[in-house]
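Let me begin by presenting the structure, written as C-alpha cells, before commenting on it.
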Amino acid sequence: MSLDTVKNASENPDAAQPWKELGLKEDEYARIREILGRRPTGAELAMYSVMWSEHCSYKSSKVHLKQFGEKVPQNDAMLVGIGENAGVVDVGQGYAVTFKVESHNHPSYIEPYQGAATGIGGIVRDILAMGARPVAVVDPLRFGAADHPDTKRVLPGVVAGIGGYGNCLGLANIGGEVVFDACYQGNPLVNAGCIGVMKHEDIHLAKASGPGNKVILYGARTGGDGIGGVSVLASETFDDTKPTKRPAVQVGDPFQEKLLIECTLEIFKEKLVAGIQDLGGAGLSCATSELASAGSGGMRVELDTVPLRDATLSPEEILMSESQERMCAIVEPQYVDRFMEICEKWDVIATVIGEVTDGERLEIFWHGEQIVDVPPGTVAHEGPVYNRPYARPSWQDALQADDAGKLPRPQTSEELRAQVLALVSSPNQASKSWVTDQYDRFVQGNTVLAQPEDAGMVRIDEETNLGVAMSTDGNGRFAKLDPYAGAQLALAESYRNVAATGAKPLAISNCLNFGSPEDPDVMWQFAEATRGLADGCLELGTPVTGGNVSLYNQTGETAIHPTPVVAVLGVIDDVNRRTPMAFSEAGQLLYLLGDTTEEFGGSAWSQVVHDHLGGLPPKVDLGREKLLGEILISASRDGMVDAAHDLSDGGVIQALTESCLRGGNGARIVVPEELDAFTFLFSESAGRAIVAVPRSEELRFTDMCGARGLPATRIGVVDGDEIEIQGEFTLPLAELRAAHEATIPALLA
C-alpha cells in the first residue's frame with residue numbers, strides 16, 4: 001500500500017476513505033474536507049477521527065459544560081481552571097494542589113485488569129503534566145448486580161489492576177466507592193482520581209511556543225496496543241447484536257511510569273521545559289495538536305523518528321496509538337542535551353521528533369513525505385458541537401409518583417432488627433475491606449485518613465502538617481429519580497464528607513457518566529445534572545476545576561442510571577486535628593446534627609428490603625449543607641468533637657454501625673421523641689451528621705450549634721459492646737461485624 005501524502009490527497013480527491021469505520025459521521029467527514037480544502041490523507045483522517053471522538057472533543061456535552069465557566073463562585077483559591085490537564089488550587093503556605101477524576105469504563109469491561117491499571121496510569125500523568133508530584137489516588141467504582149457471574153469476572157480484575165499499578169507507583173489509595181447495581185451490568189464504571197502537590201512557581205501548562213524549540217517524545221516506545229483505544233471505544237455503545245469497534249485495550253507498565261515520574265520531576269526542577277503534555281486518549285494526535293494549538297506558532301514532526309515496539313506500524317497507527325507511559329515536552333535548544341542526560345539517567349527513552357515553527361500549521365512527515373498539513377486548532381479544539389435534542393422522559397412522572405414512602409414497613413421490633421441486619425450486610429452497605437485491603441493506603445507515610453473514613457486525607461508538609469482531604473460521591477439512584485437534585489446530592493455528600501474530617505472544601509472535579517447522547521431521555525438527564533451541579537457549586541462556593549464526561553455507557557438500548565460522580569478537595573491547616581469516624585472512647589456523647597424527615601426515595605432501605613426505585617430523592621438544602629460544614633470544621637479546629645460521620649446511604653443505622661465497628665465500641669441510642677424508630681434509623685435526609693462529643697465539651701458544642709441555628713439532638717452515648725436502640729432491640733457488635741464483613745468475600749469466593 002503506497003503512502004497517502006498531502007500531494008496524493010490533492011491529486012486524488014475521490015479516493016475512498018474509511019471515515020465511517022473510524023467513527024466519523026458523514027457531515028463530520030464533509031466538514032474535514034471543507035477545513036482542508038481537499039480530502040484528508042489517511043494520517044489526517046486518523047487524527048481527526050480520534051480527536052473528534054466523543055471522549056476527546058466533548059461534542060455532545062460542550063453546550064452544557066460551559067455553565068461551569070459561566071457560574072463561577074468567587075474563590076481566591078483557583079490557580080488553573082478548566083481547559084488544562086487538571087485544575088490547580090492554592091492550599092496555602094506556597095503550596096498548590098492539582099486534582100482530577102477521569103473514566104476508563106469501556107476498556108475495563110473488555111479487559112478489567114489492564115483497563116483499570118491504565119486508567120490509574122493516565123490520570124497520574126495528567127497530574128504530573130501540571131508540574132506536580134502525584135501523592136494519592138482514589139477510585140470510584142460501579143459494577144453490575146453483586147451476584148451476577150460477570151461481576152465476579154470484572155470486579156477482581158479491576159481491583160487488581162488499580163492496586164497493582166498504584167501500589168507499584170508508591171501512591172496511597174485513600175478513597176473511592178464500590179457500588180453494585182444491575183444497571184451497570186455490561187457497563188461498569190471505573191473512574192480514577194489523583195491528587196498532586198507542587199509549589200506555585202512549578203505549575204506547567206500544555207503549550208508549544210517559541211520557534212525552533214524542540215518537540216521531545218519520551219517514555220515508553222509506541223506499540224500497537226490501544227490503537228484508537230479509549231478515544232474511539234468510549235464513543236461506542238456496547239451491543240451484542242451488531243459488530244462493534246473494540247480496539248486493543250492499552251497495556252500498562254507501572255515500573256516504566258515510576259521512572260517517567262521521577263525523570264519528569266527532575267526535569268521540572270531544573271526548569272528545562274517550555275510546555276508539556278502527557279499522551280493519553282488519542283496519543284500523539286492529541287499531544288501534537290493540543291500543544292501546537294495552545295501555543296503561538298505551528299509544529300513540524302518527523303513521525304518516522306518515533307521509537308516503536310512494533311516496526312510494522314503504519315503512520316496512521318502511530319498517530320492513533322494510545323500506548324501508555326509517554327510524555328511530550330517542548331524544550332529550548334540549549335536545554336536539549338541536559339534533558340537527554342536526565343532521561344538517560346532514569347533509563348527513559350527520549351527522542352527529538354520535531355520542532356516548533358513560526359507558521360500556523362501542524363505538519364507531519366514520514367520519511368521525508370508530508371502526510372499531515374492541518375490547522376492544529378481544528379483538530380484539537382474546533383471539532384463538531386452538537387446541541388442534541390433532549391426532553392423530560394415520558395416515564396419520569398410515573399417513576400417519581402411511585403413513592404417509596406408507601407412501601408410496607410416493619411411492624412415489630414424483631415422485623416426492624418432483621419431489616420437492620422439485612423441492610424448493613426447488603427453488598428452496597430457491607431464492608432469493602434476485601435477491596436481496600438488490596439490497596440496500599442499508607443505508602444509514603446503521609447496518609448492521615450483512608451477508607452473507610454468519610455474522606456481520605458494526606459499530609460503535604462511534614463513540618464507544618466498542612467494537609468488536603470478528598471472525597472468522591474455519586475448516587476445513580478437519586479439521579480435517576482431527579483437528575484438535577486441527584487447531582488446536587490452527590491456534591492453535597494462529597495462536601496459533607498470532607499467537612500466531617502475537619503477540612504475546608506475548596507473546589508471540585510467531576511466525572512459525568514451517562515448513556516448515549518443520541519437518546520433524548522439521556523441527554524435530558526445530562527442537561528439537568530450539569531445544571532444542578534453548576535448551580536450547586538455556585539451556592540457552595542466550590543468552583544469546578546475540570547473533569548471528564550463519559551457517554552455511551554449502555555448495553556444496546558439500556559442506559560446506566562445517570563451517575564455524576566463529584567470529587568471535592570478540601571484543605572486542613574494541621575492534620576493532627578482531623579476528625580476520624582470511629583467512636584473510640586466510652587462515655588462520648590452522640591449528637592445527631594440536622595433535620596430528619598420521612599425521605600426514602602432511592603434509599604438503601606427501599607433497594608435492599610423491597611428492590612424498589614421510585615419517588616423523589618431527599619430534598620437538597622445547600623445553605624444547610626454549608627452551615628453543617630462550618631460547624632463540623634469549627635468543632636474539629638476547636639477540639640469539640642472526637643468523631644464525626646456523615647449520614648447518607650443507609651441513614652443513621654448505617655453510620656452507627658460503621659463508627660461503632662471502626663472504634664470497637666457500642667452505643668446506647670434513644671429515638672428522638674418526634675420520630676418513630678423506623679424513620680430515625682433508615683431515612684436518608686441530607687444535611688446531617690452524627691458526632692461524638694466529649695462530656696467536657698457538650699455545653700460549648702451545643703451553644704455553638706444553637707447560636708448558628710443548626711439542630712443538634714442528643715441521641716445517646718458510646719458504651720458497651722452492642723448497639724442498643726432503646727425500646728426496640730440490641731445488636732452485639734460481634735454479630736454486626738460478622739454480617740457486615742462476610743458479604744463481599746462470600747460473593748467473590
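Just remember, in the C-alpha cells the first chain shown is A, the second B, etc., residues are 1-based per chain, and ligands are 1-based in the order shown.
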
Can you list every residue of stretch 136-244 of chain A that has an atom at most 9 Å from stretch 304-308 of chain A, with its nearest atom pair and the distance in Å to one decimal, using only C-alpha atoms, ordered by chain then number, as CSV?
residue,atom,partner,partner_atom,distance
A:Leu217,CA,A:Val306,CA,7.5
A:Ala220,CA,A:Pro307,CA,8.3
A:Arg221,CA,A:Leu308,CA,4.9
A:Thr222,CA,A:Leu308,CA,4.7
A:Gly223,CA,A:Leu308,CA,6.0

Do a neighbour search on A:Leu491 at 8 Å with only C-alpha atoms, toss out local chain neighbours closer than 3 positions, and write the hits as a VMD selection string.
chain A and resid 473 to 474 487 to 488 494 to 495 533 536 to 537 566 to 568

Include N, CA, C and O atoms and write out the residues we just selected as a PDB file, in the first residue's frame.
ATOM      1  N   ASP A 473     -18.173  11.065  45.546  1.00  0.00           N
ATOM      2  CA  ASP A 473     -19.510  10.542  45.821  1.00  0.00           C
ATOM      3  C   ASP A 473     -20.399  10.695  44.602  1.00  0.00           C
ATOM      4  O   ASP A 473     -20.216  11.600  43.775  1.00  0.00           O
ATOM      5  N   GLY A 474     -21.396   9.831  44.525  1.00  0.00           N
ATOM      6  CA  GLY A 474     -22.408   9.905  43.480  1.00  0.00           C
ATOM      7  C   GLY A 474     -23.449   8.838  43.743  1.00  0.00           C
ATOM      8  O   GLY A 474     -23.110   7.732  44.172  1.00  0.00           O
ATOM      9  N   ALA A 487     -27.533  15.296  41.177  1.00  0.00           N
ATOM     10  CA  ALA A 487     -26.186  15.858  41.041  1.00  0.00           C
ATOM     11  C   ALA A 487     -25.843  16.715  42.257  1.00  0.00           C
ATOM     12  O   ALA A 487     -24.716  16.684  42.764  1.00  0.00           O
ATOM     13  N   GLN A 488     -26.825  17.483  42.742  1.00  0.00           N
ATOM     14  CA  GLN A 488     -26.569  18.318  43.912  1.00  0.00           C
ATOM     15  C   GLN A 488     -26.387  17.474  45.174  1.00  0.00           C
ATOM     16  O   GLN A 488     -25.601  17.824  46.056  1.00  0.00           O
ATOM     17  N   SER A 494     -20.313  14.716  49.048  1.00  0.00           N
ATOM     18  CA  SER A 494     -18.858  14.802  48.981  1.00  0.00           C
ATOM     19  C   SER A 494     -18.346  15.988  49.807  1.00  0.00           C
ATOM     20  O   SER A 494     -17.346  15.883  50.532  1.00  0.00           O
ATOM     21  N   TYR A 495     -19.045  17.102  49.714  1.00  0.00           N
ATOM     22  CA  TYR A 495     -18.721  18.307  50.502  1.00  0.00           C
ATOM     23  C   TYR A 495     -18.807  17.987  51.996  1.00  0.00           C
ATOM     24  O   TYR A 495     -17.918  18.320  52.782  1.00  0.00           O
ATOM     25  N   LEU A 533     -25.400  20.655  39.057  1.00  0.00           N
ATOM     26  CA  LEU A 533     -24.046  20.718  39.605  1.00  0.00           C
ATOM     27  C   LEU A 533     -23.488  22.140  39.527  1.00  0.00           C
ATOM     28  O   LEU A 533     -22.879  22.639  40.483  1.00  0.00           O
ATOM     29  N   GLY A 536     -25.246  24.210  42.100  1.00  0.00           N
ATOM     30  CA  GLY A 536     -24.818  23.812  43.434  1.00  0.00           C
ATOM     31  C   GLY A 536     -23.436  24.329  43.781  1.00  0.00           C
ATOM     32  O   GLY A 536     -23.192  24.801  44.898  1.00  0.00           O
ATOM     33  N   CYS A 537     -22.516  24.249  42.825  1.00  0.00           N
ATOM     34  CA  CYS A 537     -21.156  24.741  43.071  1.00  0.00           C
ATOM     35  C   CYS A 537     -21.153  26.242  43.310  1.00  0.00           C
ATOM     36  O   CYS A 537     -20.395  26.760  44.145  1.00  0.00           O
ATOM     37  N   VAL A 566     -18.846  13.217  41.935  1.00  0.00           N
ATOM     38  CA  VAL A 566     -18.274  14.511  42.307  1.00  0.00           C
ATOM     39  C   VAL A 566     -17.149  14.307  43.309  1.00  0.00           C
ATOM     40  O   VAL A 566     -17.329  13.657  44.343  1.00  0.00           O
ATOM     41  N   ALA A 567     -15.987  14.847  42.988  1.00  0.00           N
ATOM     42  CA  ALA A 567     -14.834  14.819  43.896  1.00  0.00           C
ATOM     43  C   ALA A 567     -14.656  16.204  44.488  1.00  0.00           C
ATOM     44  O   ALA A 567     -14.535  17.184  43.747  1.00  0.00           O
ATOM     45  N   VAL A 568     -14.674  16.298  45.795  1.00  0.00           N
ATOM     46  CA  VAL A 568     -14.436  17.568  46.487  1.00  0.00           C
ATOM     47  C   VAL A 568     -13.073  17.509  47.161  1.00  0.00           C
ATOM     48  O   VAL A 568     -12.749  16.537  47.855  1.00  0.00           O
TER      49      VAL A 568
END

Determine, counting only C-alpha atoms, which protein, DNA and RNA residues have an atom within 8 Å of an atom of A:Thr288; residues of the same chain fewer than 4 positions away are not included. Present the result as a PDB file with all heavy atoms, in the first residue's frame.
ATOM      1  N   LEU A 284      -0.407  10.536  20.198  1.00  0.00           N
ATOM      2  CA  LEU A 284       0.343  11.609  19.539  1.00  0.00           C
ATOM      3  C   LEU A 284      -0.564  12.588  18.811  1.00  0.00           C
ATOM      4  O   LEU A 284      -0.231  13.769  18.690  1.00  0.00           O
ATOM      5  CB  LEU A 284       1.352  11.010  18.551  1.00  0.00           C
ATOM      6  CG  LEU A 284       2.753  10.727  19.084  1.00  0.00           C
ATOM      7  CD1 LEU A 284       3.551   9.936  18.064  1.00  0.00           C
ATOM      8  CD2 LEU A 284       3.468  12.035  19.428  1.00  0.00           C
ATOM      9  N   ALA A 292       0.402  22.396  19.861  1.00  0.00           N
ATOM     10  CA  ALA A 292       0.519  23.400  18.799  1.00  0.00           C
ATOM     11  C   ALA A 292      -0.622  24.403  18.857  1.00  0.00           C
ATOM     12  O   ALA A 292      -0.426  25.608  18.678  1.00  0.00           O
ATOM     13  CB  ALA A 292       0.551  22.708  17.435  1.00  0.00           C
ATOM     14  N   MET A 299       3.939  23.556  14.203  1.00  0.00           N
ATOM     15  CA  MET A 299       4.816  22.465  14.628  1.00  0.00           C
ATOM     16  C   MET A 299       5.105  21.573  13.437  1.00  0.00           C
ATOM     17  O   MET A 299       4.222  21.309  12.621  1.00  0.00           O
ATOM     18  CB  MET A 299       4.153  21.654  15.755  1.00  0.00           C
ATOM     19  CG  MET A 299       5.025  20.550  16.326  1.00  0.00           C
ATOM     20  SD  MET A 299       4.158  19.549  17.575  1.00  0.00           S
ATOM     21  CE  MET A 299       4.013  20.711  18.919  1.00  0.00           C
ATOM     22  N   LEU A 362       0.159  22.439  11.681  1.00  0.00           N
ATOM     23  CA  LEU A 362       0.785  21.225  12.201  1.00  0.00           C
ATOM     24  C   LEU A 362       1.154  20.386  10.988  1.00  0.00           C
ATOM     25  O   LEU A 362       0.276  19.947  10.239  1.00  0.00           O
ATOM     26  CB  LEU A 362      -0.180  20.465  13.114  1.00  0.00           C
ATOM     27  CG  LEU A 362       0.270  19.065  13.561  1.00  0.00           C
ATOM     28  CD1 LEU A 362       1.596  19.108  14.296  1.00  0.00           C
ATOM     29  CD2 LEU A 362      -0.806  18.399  14.410  1.00  0.00           C
TER      30      LEU A 362
END

If I take atom CA of A:Ser293 and atom CA of A:Val549, how far is one from the other in Å, to one decimal?
21.8 Å

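The neighbours of stretch 24-27 of chain A here are the residues that come within 8 Å of it, using only C-alpha atoms and leaving out any residue fewer than 5 positions away in the same chain; they are Trp19, Ser49, Trp52 and Ser53 of chain A.
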
Please produce a file of the residues just selected, as a PDB file, in the first residue's frame, where the atoms kept are N, CA, C and O atoms.
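Result written to out_12.pdb:
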ATOM      1  N   TRP A  19     -13.943   6.629   6.664  1.00  0.00           N
ATOM      2  CA  TRP A  19     -14.339   7.569   7.715  1.00  0.00           C
ATOM      3  C   TRP A  19     -15.418   6.998   8.640  1.00  0.00           C
ATOM      4  O   TRP A  19     -15.410   7.221   9.848  1.00  0.00           O
ATOM      5  N   SER A  49     -10.357  11.645  13.445  1.00  0.00           N
ATOM      6  CA  SER A  49     -11.312  10.661  13.967  1.00  0.00           C
ATOM      7  C   SER A  49     -11.158  10.481  15.472  1.00  0.00           C
ATOM      8  O   SER A  49     -12.163  10.384  16.191  1.00  0.00           O
ATOM      9  N   TRP A  52     -11.912  14.055  17.262  1.00  0.00           N
ATOM     10  CA  TRP A  52     -13.313  14.464  17.199  1.00  0.00           C
ATOM     11  C   TRP A  52     -14.242  13.413  17.809  1.00  0.00           C
ATOM     12  O   TRP A  52     -15.458  13.521  17.719  1.00  0.00           O
ATOM     13  N   SER A  53     -13.665  12.390  18.424  1.00  0.00           N
ATOM     14  CA  SER A  53     -14.495  11.396  19.110  1.00  0.00           C
ATOM     15  C   SER A  53     -15.156  12.053  20.313  1.00  0.00           C
ATOM     16  O   SER A  53     -14.723  13.101  20.806  1.00  0.00           O
TER      17      SER A  53
END

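Straight-line separation from atom CA of A:Gln411 to atom CA of A:Gly615: 22.0 Å.
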
Can you list, as a PyMOL selection string, every protein, DNA or RNA residue that comes within 9 Å of A:Gly383 when you count only C-alpha atoms, leaving out same-chain residues fewer than 5 positions away?
chain A and resi 28+48+51-53+57-59+377-378
